[in-house]
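Asks: Data file work.csv (CSV, C-alpha atoms) is appended below.
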```
chain,number,residue,atom,x,y,z
H,1,MET,CA,-25.3,-22.4,14.9
H,2,TYR,CA,-27.2,-19.4,16.1
H,3,SER,CA,-30.5,-18.4,17.6
H,4,ARG,CA,-32.4,-15.0,17.9
H,5,LYS,CA,-33.8,-13.7,21.1
H,6,GLN,CA,-35.0,-10.1,21.7
H,7,ASP,CA,-33.3,-8.9,18.5
H,8,THR,CA,-29.9,-10.3,19.7
H,9,VAL,CA,-28.3,-13.2,17.8
H,10,ARG,CA,-26.7,-15.7,20.0
H,11,SER,CA,-24.2,-18.0,18.4
H,12,LEU,CA,-21.9,-20.8,19.5
H,13,VAL,CA,-18.8,-21.2,17.2
H,14,THR,CA,-16.8,-24.4,17.7
H,15,THR,CA,-14.3,-24.9,15.0
H,16,SER,CA,-10.8,-25.7,13.9
H,17,PRO,CA,-8.2,-22.9,13.4
H,18,SER,CA,-8.3,-23.2,9.6
H,19,ARG,CA,-12.1,-22.8,9.5
H,20,LEU,CA,-12.7,-20.0,12.0
H,21,PRO,CA,-12.6,-17.1,9.5
H,22,LEU,CA,-14.9,-19.1,7.2
H,23,THR,CA,-17.3,-19.8,10.0
H,24,LEU,CA,-17.4,-16.1,11.0
H,25,ALA,CA,-17.9,-15.1,7.4
H,26,ARG,CA,-20.9,-17.3,7.0
H,27,LEU,CA,-22.3,-16.0,10.3
H,28,HIS,CA,-21.8,-12.4,9.1
H,29,GLN,CA,-23.6,-13.1,5.9
H,30,ALA,CA,-26.5,-14.7,7.7
H,31,MET,CA,-27.1,-11.5,9.7
H,32,SER,CA,-28.4,-8.1,8.7
H,33,PRO,CA,-26.3,-4.9,9.3
H,34,SER,CA,-26.6,-3.4,12.8
H,35,THR,CA,-27.7,-6.7,14.3
H,36,VAL,CA,-26.2,-7.3,17.8
H,37,ALA,CA,-24.7,-10.7,18.3
H,38,GLU,CA,-23.3,-12.6,21.3
H,39,ILE,CA,-20.8,-15.1,20.1
H,40,GLU,CA,-19.1,-17.8,22.1
H,41,ILE,CA,-16.0,-18.9,20.3
H,42,ARG,CA,-14.5,-22.3,21.2
H,43,CYS,CA,-11.3,-23.1,19.4
H,44,ARG,CA,-9.0,-26.0,20.0
H,45,PHE,CA,-5.8,-24.2,19.3
H,46,ASN,CA,-3.5,-21.5,20.8
H,47,LEU,CA,-4.7,-18.2,19.5
H,48,THR,CA,-4.2,-15.0,21.4
H,49,GLN,CA,-7.1,-12.8,22.4
H,50,GLU,CA,-5.7,-10.1,20.2
H,51,HIS,CA,-5.8,-12.4,17.2
H,52,LEU,CA,-9.3,-13.4,17.9
H,53,LEU,CA,-10.4,-9.8,18.1
H,54,MET,CA,-8.6,-9.1,14.8
H,55,LEU,CA,-10.4,-12.0,13.2
H,56,LEU,CA,-13.8,-10.6,14.4
H,57,GLU,CA,-12.9,-7.2,12.9
H,58,GLY,CA,-11.9,-8.9,9.7
H,59,ALA,CA,-15.2,-10.9,9.7
H,60,GLY,CA,-17.1,-7.6,9.6
H,61,PHE,CA,-18.0,-7.1,13.3
H,62,THR,CA,-17.6,-3.9,15.2
H,63,GLN,CA,-18.1,-2.6,18.8
H,64,VAL,CA,-16.5,-5.8,20.1
H,65,LYS,CA,-17.0,-6.2,23.9
H,66,ILE,CA,-15.6,-9.2,25.8
H,67,VAL,CA,-18.3,-10.8,27.9
H,68,ALA,CA,-16.3,-13.8,29.3
H,69,LYS,CA,-13.1,-15.6,28.6
H,70,CYS,CA,-11.4,-18.8,29.7
H,71,ALA,CA,-8.5,-21.0,28.5
H,72,SER,CA,-10.7,-22.6,25.8
H,73,SER,CA,-13.3,-20.1,24.8
H,74,LEU,CA,-14.1,-16.4,24.4
H,75,SER,CA,-17.5,-14.8,24.6
H,76,VAL,CA,-18.0,-11.5,22.9
H,77,ARG,CA,-20.8,-9.1,22.1
H,78,VAL,CA,-20.5,-7.5,18.7
H,79,VAL,CA,-22.5,-5.5,16.0
H,80,ARG,CA,-22.7,-6.8,12.5
H,81,ALA,CA,-21.2,-4.0,10.3
H,82,ARG,CA,-22.2,-3.0,6.8
H,83,THR,CA,-19.1,-4.4,5.2
H,84,LEU,CA,-17.6,-7.5,3.7
H,85,PRO,CA,-16.1,-10.3,5.8
H,86,ASP,CA,-12.6,-11.6,5.1
H,87,PHE,CA,-12.6,-14.8,3.1
H,88,ILE,CA,-9.3,-16.4,4.3
H,89,ARG,CA,-7.7,-19.6,5.5
H,90,PRO,CA,-4.1,-20.7,6.1
H,91,ARG,CA,-1.6,-21.1,3.2
H,92,LEU,CA,-3.6,-19.5,0.4
H,93,ARG,CA,-2.2,-19.5,-3.1
H,94,LEU,CA,-3.2,-15.9,-3.3
H,95,LEU,CA,-4.7,-13.3,-0.9
H,96,VAL,CA,-6.5,-10.6,-3.0
H,97,CYS,CA,-6.6,-7.2,-1.1
H,98,GLY,CA,-8.9,-4.4,-2.2
H,99,LEU,CA,-8.7,-0.9,-0.9
H,100,ASN,CA,-12.1,-1.0,0.8
H,101,PRO,CA,-15.6,-2.4,0.0
H,102,SER,CA,-18.1,-0.4,-2.0
H,103,LEU,CA,-21.5,-0.1,-0.4
H,104,TYR,CA,-22.9,-2.3,-3.3
H,105,ALA,CA,-20.3,-5.0,-2.6
H,106,ALA,CA,-21.0,-4.9,1.1
H,107,ASP,CA,-24.7,-5.3,0.6
H,108,SER,CA,-24.2,-8.1,-2.0
H,109,GLY,CA,-21.7,-10.0,0.1
H,110,ILE,CA,-19.4,-10.3,-2.9
H,111,PRO,CA,-15.9,-8.8,-3.1
H,112,PHE,CA,-15.6,-6.6,-6.3
H,113,GLY,CA,-19.3,-7.2,-6.6
H,114,ARG,CA,-20.3,-3.8,-8.1
H,115,PRO,CA,-21.8,-4.2,-11.6
H,116,GLY,CA,-19.2,-3.4,-14.2
H,117,ASN,CA,-16.3,-4.5,-12.0
H,118,ARG,CA,-14.2,-6.9,-14.1
H,119,PHE,CA,-12.4,-8.7,-11.3
H,120,TRP,CA,-14.4,-11.9,-11.5
H,121,PRO,CA,-14.4,-12.2,-15.3
H,122,ALA,CA,-10.6,-11.7,-15.2
H,123,ALA,CA,-10.2,-14.3,-12.4
H,124,VAL,CA,-12.2,-16.8,-14.4
H,125,ARG,CA,-10.1,-16.1,-17.5
H,126,ALA,CA,-6.9,-16.4,-15.4
H,127,GLY,CA,-8.0,-19.8,-14.0
H,128,LEU,CA,-8.3,-18.5,-10.4
H,129,ALA,CA,-12.1,-19.0,-10.2
H,130,GLU,CA,-14.7,-21.2,-11.9
H,131,ARG,CA,-17.7,-19.2,-11.1
H,132,VAL,CA,-18.3,-15.4,-11.1
H,133,GLY,CA,-19.1,-13.9,-7.7
H,134,ASP,CA,-18.5,-16.9,-5.5
H,135,PRO,CA,-15.9,-16.1,-2.9
H,136,PHE,CA,-16.5,-19.3,-1.0
H,137,ALA,CA,-15.7,-21.4,-4.1
H,138,ALA,CA,-12.7,-19.3,-4.8
H,139,LEU,CA,-11.5,-19.9,-1.3
H,140,GLU,CA,-11.6,-23.7,-1.8
H,141,ARG,CA,-9.3,-23.1,-4.8
H,142,GLY,CA,-6.8,-21.2,-2.6
H,143,VAL,CA,-7.8,-17.7,-3.5
H,144,GLY,CA,-8.9,-15.5,-0.5
H,145,PHE,CA,-10.1,-11.9,-0.1
H,146,THR,CA,-9.6,-9.0,2.3
H,147,ASP,CA,-9.6,-5.2,2.2
H,148,LEU,CA,-7.1,-2.8,3.5
H,149,VAL,CA,-9.8,-0.8,5.1
H,150,LYS,CA,-12.9,-2.7,6.3
H,151,ARG,CA,-15.3,0.3,6.3
H,152,ALA,CA,-17.6,0.3,3.2
H,153,THR,CA,-18.0,3.7,1.4
H,154,SER,CA,-19.5,5.1,-1.8
H,155,GLY,CA,-15.9,6.1,-2.8
H,156,SER,CA,-12.4,6.0,-1.6
H,157,ALA,CA,-12.3,9.8,-1.0
H,158,GLU,CA,-14.3,9.2,2.2
H,159,LEU,CA,-11.5,7.2,3.8
H,160,ARG,CA,-9.3,8.9,6.4
H,161,ARG,CA,-5.5,8.7,6.6
H,162,GLY,CA,-5.7,7.0,10.0
H,163,GLU,CA,-7.8,4.2,8.5
H,164,TYR,CA,-5.0,3.4,6.0
H,165,ALA,CA,-2.4,3.1,8.8
H,166,ALA,CA,-4.7,0.9,10.9
H,167,GLY,CA,-5.4,-1.2,7.9
H,168,MET,CA,-1.7,-1.7,7.1
H,169,THR,CA,-1.2,-2.9,10.7
H,170,ARG,CA,-4.1,-5.3,10.6
H,171,LEU,CA,-3.1,-6.7,7.2
H,172,THR,CA,0.5,-7.3,8.4
H,173,GLU,CA,-0.9,-9.2,11.4
H,174,LEU,CA,-3.3,-11.2,9.1
H,175,ALA,CA,-0.5,-12.1,6.7
H,176,GLY,CA,1.7,-13.2,9.5
H,177,LEU,CA,-1.0,-15.4,11.0
H,178,PHE,CA,-2.2,-17.1,7.8
H,179,GLN,CA,0.9,-17.0,5.7
H,180,PRO,CA,-0.6,-16.6,2.2
H,181,HIS,CA,1.9,-17.5,-0.6
H,182,THR,CA,1.3,-14.2,-2.3
H,183,ILE,CA,-0.7,-11.0,-1.6
H,184,CYS,CA,-2.1,-9.2,-4.6
H,185,PHE,CA,-3.1,-5.5,-4.1
H,186,VAL,CA,-5.8,-4.4,-6.5
H,187,GLY,CA,-5.7,-0.7,-7.5
H,188,LEU,CA,-2.8,1.5,-8.2
H,189,ASP,CA,-4.2,4.7,-6.8
H,190,GLY,CA,-4.8,3.3,-3.3
H,191,TRP,CA,-1.3,1.8,-3.1
H,192,ARG,CA,0.2,5.1,-4.3
H,193,LYS,CA,-1.6,7.0,-1.5
H,194,ILE,CA,-0.5,4.7,1.3
H,195,ALA,CA,2.9,3.2,0.3
H,196,ASP,CA,4.6,4.4,-2.9
H,197,ARG,CA,3.4,7.3,-5.0
H,198,ASP,CA,5.5,6.2,-7.9
H,199,ALA,CA,4.4,2.5,-7.8
H,200,GLN,CA,3.8,0.7,-11.1
H,201,PRO,CA,2.0,-2.6,-11.8
H,202,GLY,CA,4.1,-5.7,-11.0
H,203,TRP,CA,5.9,-7.3,-8.2
H,204,ILE,CA,6.6,-5.1,-5.1
H,205,ALA,CA,10.3,-5.3,-4.5
H,206,ALA,CA,10.1,-5.4,-0.7
H,207,GLY,CA,7.1,-7.7,-0.6
H,208,PHE,CA,4.6,-7.2,2.2
H,209,ALA,CA,4.8,-8.6,5.8
H,210,GLY,CA,7.4,-11.1,4.7
H,211,ARG,CA,5.3,-12.4,1.8
H,212,PRO,CA,5.7,-11.9,-2.0
H,213,ALA,CA,3.4,-9.1,-3.0
H,214,TYR,CA,2.0,-8.0,-6.4
H,215,LEU,CA,0.3,-4.7,-7.4
H,216,MET,CA,-2.2,-4.6,-10.3
H,217,PRO,CA,-4.5,-2.0,-11.8
H,218,SER,CA,-8.0,-1.4,-10.6
H,219,THR,CA,-10.6,-3.8,-12.0
H,220,SER,CA,-13.3,-1.2,-11.6
H,221,GLY,CA,-15.4,-0.4,-14.7
H,222,ARG,CA,-14.1,3.1,-14.5
H,223,ASN,CA,-10.6,1.8,-15.4
H,224,ALA,CA,-11.7,0.9,-18.9
H,225,ARG,CA,-8.3,1.7,-20.4
H,226,THR,CA,-7.0,-1.6,-19.0
H,227,PRO,CA,-8.3,-4.5,-21.1
H,228,LEU,CA,-9.8,-7.6,-19.5
H,229,ALA,CA,-7.1,-9.8,-21.0
H,230,GLU,CA,-4.4,-7.6,-19.3
H,231,LEU,CA,-6.2,-7.8,-15.9
H,232,ALA,CA,-6.3,-11.6,-16.3
H,233,ALA,CA,-2.6,-11.6,-17.1
H,234,HIS,CA,-1.8,-9.7,-13.9
H,235,LEU,CA,-3.7,-12.2,-11.9
H,236,ARG,CA,-1.9,-15.1,-13.5
H,237,ARG,CA,1.5,-13.5,-12.7
H,238,ALA,CA,0.4,-12.8,-9.1
H,239,VAL,CA,-0.5,-16.4,-8.5
H,240,GLY,CA,2.8,-17.5,-9.9
H,241,CYS,CA,1.8,-18.5,-13.4
H,242,GLY,CA,3.7,-15.8,-15.3
H,243,ARG,CA,6.5,-14.4,-13.2
```
Show me the file's structure as structure tokens.
Replies:
Amino acid sequence: MYSRKQDTVRSLVTTSPSRLPLTLARLHQAMSPSTVAEIEIRCRFNLTQEHLLMLLEGAGFTQVKIVAKCASSLSVRVVRARTLPDFIRPRLRLLVCGLNPSLYAADSGIPFGRPGNRFWPAAVRAGLAERVGDPFAALERGVGFTDLVKRATSGSAELRRGEYAAGMTRLTELAGLFQPHTICFVGLDGWRKIADRDAQPGWIAAGFAGRPAYLMPSTSGRNARTPLAELAAHLRRAVGCGR
């Protein structure tokens, strides 16, 4: 629940550990970019302050300032960023990780939401999703979404090297906290820049953060050389239906 007063959203979040990211994602999507929010988070579980701050960043909030804290709650003041929230819960079948959101995807609230992006048609064909462009429904089926870099841009060339490093650290912490069965990185060029310049599509030998990890080609419409059927086959392998 939340209320608006003097252009500041005030929200009380009382939830279980598995639903906290989902609750924050819904709060993020109910707000406009640059809106200031004061959020009191009450969680009946042992989560460190650092992890709570990480989840707020992942939910698409910036300029986090702790207002008050006690053993059972944390009050923070944040700004709603122009980005996508994480769609994540514990023990996902597959955590899909893009490089960073496009401005179109950030504004639509849909991962891989730019017109012409073939992720959702491939996911439906692979049996990972029933409906195109519905990350909440996909989450219920065990498929979650995050981005290596949370900042939305018009192109990946705008990203800075330090953002890649910070994103790898955040994703490592996120994977350790939520333990997805497999992480699927979408986009060869991004992975080649940050991890392995000679990487090819398929299973990443070392995995990632102790989890099995898979690398697949970009689903962008600019990557027309990769057929839709091939993109769907990569997703089936990543989720364990073709390894």
Asks: So the first atom is atom CA of Ile183 of chain H and the second is atom CA of Phe208 of chain H; what is the distance between them in Å, to one decimal place?
Replies: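 Going from atom CA of Ile183 of chain H over to atom CA of Phe208 of chain H, I get 7.5 Å.
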Asks: So, counting all atoms listed in the file, which residue among H:Thr153, H:Arg10, H:Leu52, H:Pro21 is closest to Ile39 of chain H?
Replies: H:Arg10
Asks: Applying 8 Å and all atoms listed in the file, which residues near segment 89-105 of chain H remain after dropping the ones on its own chain fewer than 2 positions away? List them as a VMD selection string.
Replies: chain H and resid 18 to 19 21 to 22 82 to 84 87 107 to 114 139 142 to 156 177 to 187 190 238 to 239
Asks: For those residues, write C-alpha atoms to a file as a compact mmCIF listing (two decimals), in the frame of the given file.
Replies:
```txt
# COMPACT_ATOMS: atom_id res chain seq x y z
CA SER H 18 -8.30 -23.20 9.60
CA ARG H 19 -12.10 -22.80 9.50
CA PRO H 21 -12.60 -17.10 9.50
CA LEU H 22 -14.90 -19.10 7.20
CA ARG H 82 -22.20 -3.00 6.80
CA THR H 83 -19.10 -4.40 5.20
CA LEU H 84 -17.60 -7.50 3.70
CA PHE H 87 -12.60 -14.80 3.10
CA ASP H 107 -24.70 -5.30 0.60
CA SER H 108 -24.20 -8.10 -2.00
CA GLY H 109 -21.70 -10.00 0.10
CA ILE H 110 -19.40 -10.30 -2.90
CA PRO H 111 -15.90 -8.80 -3.10
CA PHE H 112 -15.60 -6.60 -6.30
CA GLY H 113 -19.30 -7.20 -6.60
CA ARG H 114 -20.30 -3.80 -8.10
CA LEU H 139 -11.50 -19.90 -1.30
CA GLY H 142 -6.80 -21.20 -2.60
CA VAL H 143 -7.80 -17.70 -3.50
CA GLY H 144 -8.90 -15.50 -0.50
CA PHE H 145 -10.10 -11.90 -0.10
CA THR H 146 -9.60 -9.00 2.30
CA ASP H 147 -9.60 -5.20 2.20
CA LEU H 148 -7.10 -2.80 3.50
CA VAL H 149 -9.80 -0.80 5.10
CA LYS H 150 -12.90 -2.70 6.30
CA ARG H 151 -15.30 0.30 6.30
CA ALA H 152 -17.60 0.30 3.20
CA THR H 153 -18.00 3.70 1.40
CA SER H 154 -19.50 5.10 -1.80
CA GLY H 155 -15.90 6.10 -2.80
CA SER H 156 -12.40 6.00 -1.60
CA LEU H 177 -1.00 -15.40 11.00
CA PHE H 178 -2.20 -17.10 7.80
CA GLN H 179 0.90 -17.00 5.70
CA PRO H 180 -0.60 -16.60 2.20
CA HIS H 181 1.90 -17.50 -0.60
CA THR H 182 1.30 -14.20 -2.30
CA ILE H 183 -0.70 -11.00 -1.60
CA CYS H 184 -2.10 -9.20 -4.60
CA PHE H 185 -3.10 -5.50 -4.10
CA VAL H 186 -5.80 -4.40 -6.50
CA GLY H 187 -5.70 -0.70 -7.50
CA GLY H 190 -4.80 3.30 -3.30
CA ALA H 238 0.40 -12.80 -9.10
CA VAL H 239 -0.50 -16.40 -8.50
```
Asks: Of the candidates H:Leu20, H:Ile88, H:Cys43, H:Leu55, which one gets nearest to Ser73 of chain H if we count only C-alpha atoms?
Replies: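 Looking at the shortest contact to Ser73 of chain H, the residue is H:Cys43.
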Asks: As an exercise, work out the distance from atom CA of Leu24 of chain H to atom CA of Leu12 of chain H in Å and give it to one decimal place.
Replies: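 That distance, rounded to one decimal, is 10.7 Å.
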Asks: If we count all atoms listed in the file and set the cut-off at 9 Å, which residues sit around Ile194 of chain H, ignoring sequence neighbours fewer than 5 positions away in its own chain? Please answer as a list in words.
Replies: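 Near Ile194 of chain H, the qualifying residues are Arg161, Tyr164, Ala165, Met168 and Asp189 of chain H.
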Asks: How many Å separate atom CA of Ala199 of chain H from atom CA of Arg211 of chain H?
Replies: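 Here the two named atoms are 17.7 Å from each other.
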Asks: Rank nothing, just name the residue among H:Leu159, H:Ala166, H:Leu171, H:Ala122 nearest to Ala229 of chain H, using only C-alpha atoms.
Replies: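 The answer is H:Ala122, which sits nearest to Ala229 of chain H.
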Asks: Counting all atoms listed in the file, figure out which residue out of H:Ala224, H:Thr219, H:Ala137, H:Thr8 gets nearest to Asn117 of chain H.
Replies: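 Once distances to Asn117 of chain H are computed over all atoms listed in the file, the minimum belongs to H:Thr219.
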Asks: Which residue gives the smallest distance to Ser75 of chain H among H:Trp191, H:His51, H:Gln29, H:Glu40, with all atoms listed in the file counted?
Replies: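 Answer, going by the shortest atom-to-atom distance: H:Glu40.
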Asks: In terms of the shortest atom-to-atom distance over all atoms listed in the file, which of H:Ala123, H:Val36, H:Met54, H:Ala157 is closest to Pro135 of chain H?
Replies: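 So, comparing all the options, the nearest one is H:Ala123.
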Asks: Where atoms are absent from segment 114-148 of chain H, fill them in so it carries N, CA and C atoms, then output it as a PDB file, keeping the file's coordinate frame.
Replies:
```
ATOM      1  N   ARG H 114     -19.588  -4.872  -7.436  1.00  0.00           N
ATOM      2  CA  ARG H 114     -20.300  -3.800  -8.100  1.00  0.00           C
ATOM      3  C   ARG H 114     -20.483  -4.141  -9.607  1.00  0.00           C
ATOM      4  N   PRO H 115     -21.665  -3.936 -10.187  1.00  0.00           N
ATOM      5  CA  PRO H 115     -21.800  -4.200 -11.600  1.00  0.00           C
ATOM      6  C   PRO H 115     -20.802  -3.389 -12.431  1.00  0.00           C
ATOM      7  N   GLY H 116     -20.200  -4.033 -13.386  1.00  0.00           N
ATOM      8  CA  GLY H 116     -19.200  -3.400 -14.200  1.00  0.00           C
ATOM      9  C   GLY H 116     -17.768  -3.665 -13.744  1.00  0.00           C
ATOM     10  N   ASN H 117     -17.604  -4.111 -12.475  1.00  0.00           N
ATOM     11  CA  ASN H 117     -16.300  -4.500 -12.000  1.00  0.00           C
ATOM     12  C   ASN H 117     -15.834  -5.749 -12.719  1.00  0.00           C
ATOM     13  N   ARG H 118     -14.614  -5.765 -13.222  1.00  0.00           N
ATOM     14  CA  ARG H 118     -14.200  -6.900 -14.100  1.00  0.00           C
ATOM     15  C   ARG H 118     -13.261  -7.867 -13.334  1.00  0.00           C
ATOM     16  N   PHE H 119     -13.224  -7.786 -11.996  1.00  0.00           N
ATOM     17  CA  PHE H 119     -12.400  -8.700 -11.300  1.00  0.00           C
ATOM     18  C   PHE H 119     -12.755 -10.165 -11.580  1.00  0.00           C
ATOM     19  N   TRP H 120     -14.033 -10.494 -11.412  1.00  0.00           N
ATOM     20  CA  TRP H 120     -14.400 -11.900 -11.500  1.00  0.00           C
ATOM     21  C   TRP H 120     -14.270 -12.434 -12.953  1.00  0.00           C
ATOM     22  N   PRO H 121     -14.666 -11.702 -13.999  1.00  0.00           N
ATOM     23  CA  PRO H 121     -14.400 -12.200 -15.300  1.00  0.00           C
ATOM     24  C   PRO H 121     -12.865 -12.409 -15.575  1.00  0.00           C
ATOM     25  N   ALA H 122     -12.035 -11.510 -15.017  1.00  0.00           N
ATOM     26  CA  ALA H 122     -10.600 -11.700 -15.200  1.00  0.00           C
ATOM     27  C   ALA H 122     -10.094 -12.891 -14.377  1.00  0.00           C
ATOM     28  N   ALA H 123     -10.654 -13.107 -13.189  1.00  0.00           N
ATOM     29  CA  ALA H 123     -10.200 -14.300 -12.400  1.00  0.00           C
ATOM     30  C   ALA H 123     -10.621 -15.569 -13.046  1.00  0.00           C
ATOM     31  N   VAL H 124     -11.793 -15.624 -13.659  1.00  0.00           N
ATOM     32  CA  VAL H 124     -12.200 -16.800 -14.400  1.00  0.00           C
ATOM     33  C   VAL H 124     -11.268 -17.068 -15.571  1.00  0.00           C
ATOM     34  N   ARG H 125     -10.986 -16.002 -16.312  1.00  0.00           N
ATOM     35  CA  ARG H 125     -10.100 -16.100 -17.500  1.00  0.00           C
ATOM     36  C   ARG H 125      -8.693 -16.556 -17.045  1.00  0.00           C
ATOM     37  N   ALA H 126      -8.257 -16.101 -15.872  1.00  0.00           N
ATOM     38  CA  ALA H 126      -6.900 -16.400 -15.400  1.00  0.00           C
ATOM     39  C   ALA H 126      -6.860 -17.822 -14.746  1.00  0.00           C
ATOM     40  N   GLY H 127      -7.998 -18.479 -14.574  1.00  0.00           N
ATOM     41  CA  GLY H 127      -8.000 -19.800 -14.000  1.00  0.00           C
ATOM     42  C   GLY H 127      -8.028 -19.792 -12.455  1.00  0.00           C
ATOM     43  N   LEU H 128      -8.296 -18.627 -11.855  1.00  0.00           N
ATOM     44  CA  LEU H 128      -8.300 -18.500 -10.400  1.00  0.00           C
ATOM     45  C   LEU H 128      -9.698 -18.860  -9.827  1.00  0.00           C
ATOM     46  N   ALA H 129     -10.726 -18.785 -10.646  1.00  0.00           N
ATOM     47  CA  ALA H 129     -12.100 -19.000 -10.200  1.00  0.00           C
ATOM     48  C   ALA H 129     -12.841 -19.761 -11.306  1.00  0.00           C
ATOM     49  N   GLU H 130     -13.811 -20.559 -10.892  1.00  0.00           N
ATOM     50  CA  GLU H 130     -14.700 -21.200 -11.900  1.00  0.00           C
ATOM     51  C   GLU H 130     -15.966 -20.515 -12.081  1.00  0.00           C
ATOM     52  N   ARG H 131     -16.441 -19.823 -11.028  1.00  0.00           N
ATOM     53  CA  ARG H 131     -17.700 -19.200 -11.100  1.00  0.00           C
ATOM     54  C   ARG H 131     -17.581 -17.689 -10.724  1.00  0.00           C
ATOM     55  N   VAL H 132     -18.309 -16.841 -11.421  1.00  0.00           N
ATOM     56  CA  VAL H 132     -18.300 -15.400 -11.100  1.00  0.00           C
ATOM     57  C   VAL H 132     -19.055 -15.137  -9.829  1.00  0.00           C
ATOM     58  N   GLY H 133     -18.431 -14.349  -8.939  1.00  0.00           N
ATOM     59  CA  GLY H 133     -19.100 -13.900  -7.700  1.00  0.00           C
ATOM     60  C   GLY H 133     -19.299 -14.897  -6.651  1.00  0.00           C
ATOM     61  N   ASP H 134     -18.423 -15.901  -6.562  1.00  0.00           N
ATOM     62  CA  ASP H 134     -18.500 -16.900  -5.500  1.00  0.00           C
ATOM     63  C   ASP H 134     -17.244 -16.971  -4.711  1.00  0.00           C
ATOM     64  N   PRO H 135     -17.105 -16.128  -3.679  1.00  0.00           N
ATOM     65  CA  PRO H 135     -15.900 -16.100  -2.900  1.00  0.00           C
ATOM     66  C   PRO H 135     -15.611 -17.382  -2.126  1.00  0.00           C
ATOM     67  N   PHE H 136     -16.673 -18.094  -1.729  1.00  0.00           N
ATOM     68  CA  PHE H 136     -16.500 -19.300  -1.000  1.00  0.00           C
ATOM     69  C   PHE H 136     -15.865 -20.417  -1.884  1.00  0.00           C
ATOM     70  N   ALA H 137     -16.320 -20.488  -3.133  1.00  0.00           N
ATOM     71  CA  ALA H 137     -15.700 -21.400  -4.100  1.00  0.00           C
ATOM     72  C   ALA H 137     -14.293 -21.067  -4.406  1.00  0.00           C
ATOM     73  N   ALA H 138     -14.029 -19.771  -4.546  1.00  0.00           N
ATOM     74  CA  ALA H 138     -12.700 -19.300  -4.800  1.00  0.00           C
ATOM     75  C   ALA H 138     -11.742 -19.683  -3.651  1.00  0.00           C
ATOM     76  N   LEU H 139     -12.261 -19.572  -2.435  1.00  0.00           N
ATOM     77  CA  LEU H 139     -11.500 -19.900  -1.300  1.00  0.00           C
ATOM     78  C   LEU H 139     -11.054 -21.374  -1.283  1.00  0.00           C
ATOM     79  N   GLU H 140     -11.944 -22.238  -1.732  1.00  0.00           N
ATOM     80  CA  GLU H 140     -11.600 -23.700  -1.800  1.00  0.00           C
ATOM     81  C   GLU H 140     -10.504 -23.903  -2.848  1.00  0.00           C
ATOM     82  N   ARG H 141     -10.361 -23.009  -3.816  1.00  0.00           N
ATOM     83  CA  ARG H 141      -9.300 -23.100  -4.800  1.00  0.00           C
ATOM     84  C   ARG H 141      -8.027 -22.398  -4.392  1.00  0.00           C
ATOM     85  N   GLY H 142      -8.023 -21.873  -3.162  1.00  0.00           N
ATOM     86  CA  GLY H 142      -6.800 -21.200  -2.600  1.00  0.00           C
ATOM     87  C   GLY H 142      -6.707 -19.773  -2.878  1.00  0.00           C
ATOM     88  N   VAL H 143      -7.827 -19.106  -3.213  1.00  0.00           N
ATOM     89  CA  VAL H 143      -7.800 -17.700  -3.500  1.00  0.00           C
ATOM     90  C   VAL H 143      -8.726 -17.004  -2.417  1.00  0.00           C
ATOM     91  N   GLY H 144      -8.140 -16.134  -1.594  1.00  0.00           N
ATOM     92  CA  GLY H 144      -8.900 -15.500  -0.500  1.00  0.00           C
ATOM     93  C   GLY H 144      -9.016 -13.981  -0.792  1.00  0.00           C
ATOM     94  N   PHE H 145      -9.818 -13.316   0.062  1.00  0.00           N
ATOM     95  CA  PHE H 145     -10.100 -11.900  -0.100  1.00  0.00           C
ATOM     96  C   PHE H 145     -10.091 -11.152   1.203  1.00  0.00           C
ATOM     97  N   THR H 146      -9.549  -9.948   1.163  1.00  0.00           N
ATOM     98  CA  THR H 146      -9.600  -9.000   2.300  1.00  0.00           C
ATOM     99  C   THR H 146      -9.603  -7.610   1.727  1.00  0.00           C
ATOM    100  N   ASP H 147      -9.715  -6.638   2.608  1.00  0.00           N
ATOM    101  CA  ASP H 147      -9.600  -5.200   2.200  1.00  0.00           C
ATOM    102  C   ASP H 147      -8.696  -4.521   3.177  1.00  0.00           C
ATOM    103  N   LEU H 148      -7.963  -3.552   2.662  1.00  0.00           N
ATOM    104  CA  LEU H 148      -7.100  -2.800   3.500  1.00  0.00           C
ATOM    105  C   LEU H 148      -7.850  -2.053   4.596  1.00  0.00           C
TER     106      LEU H 148
END
```
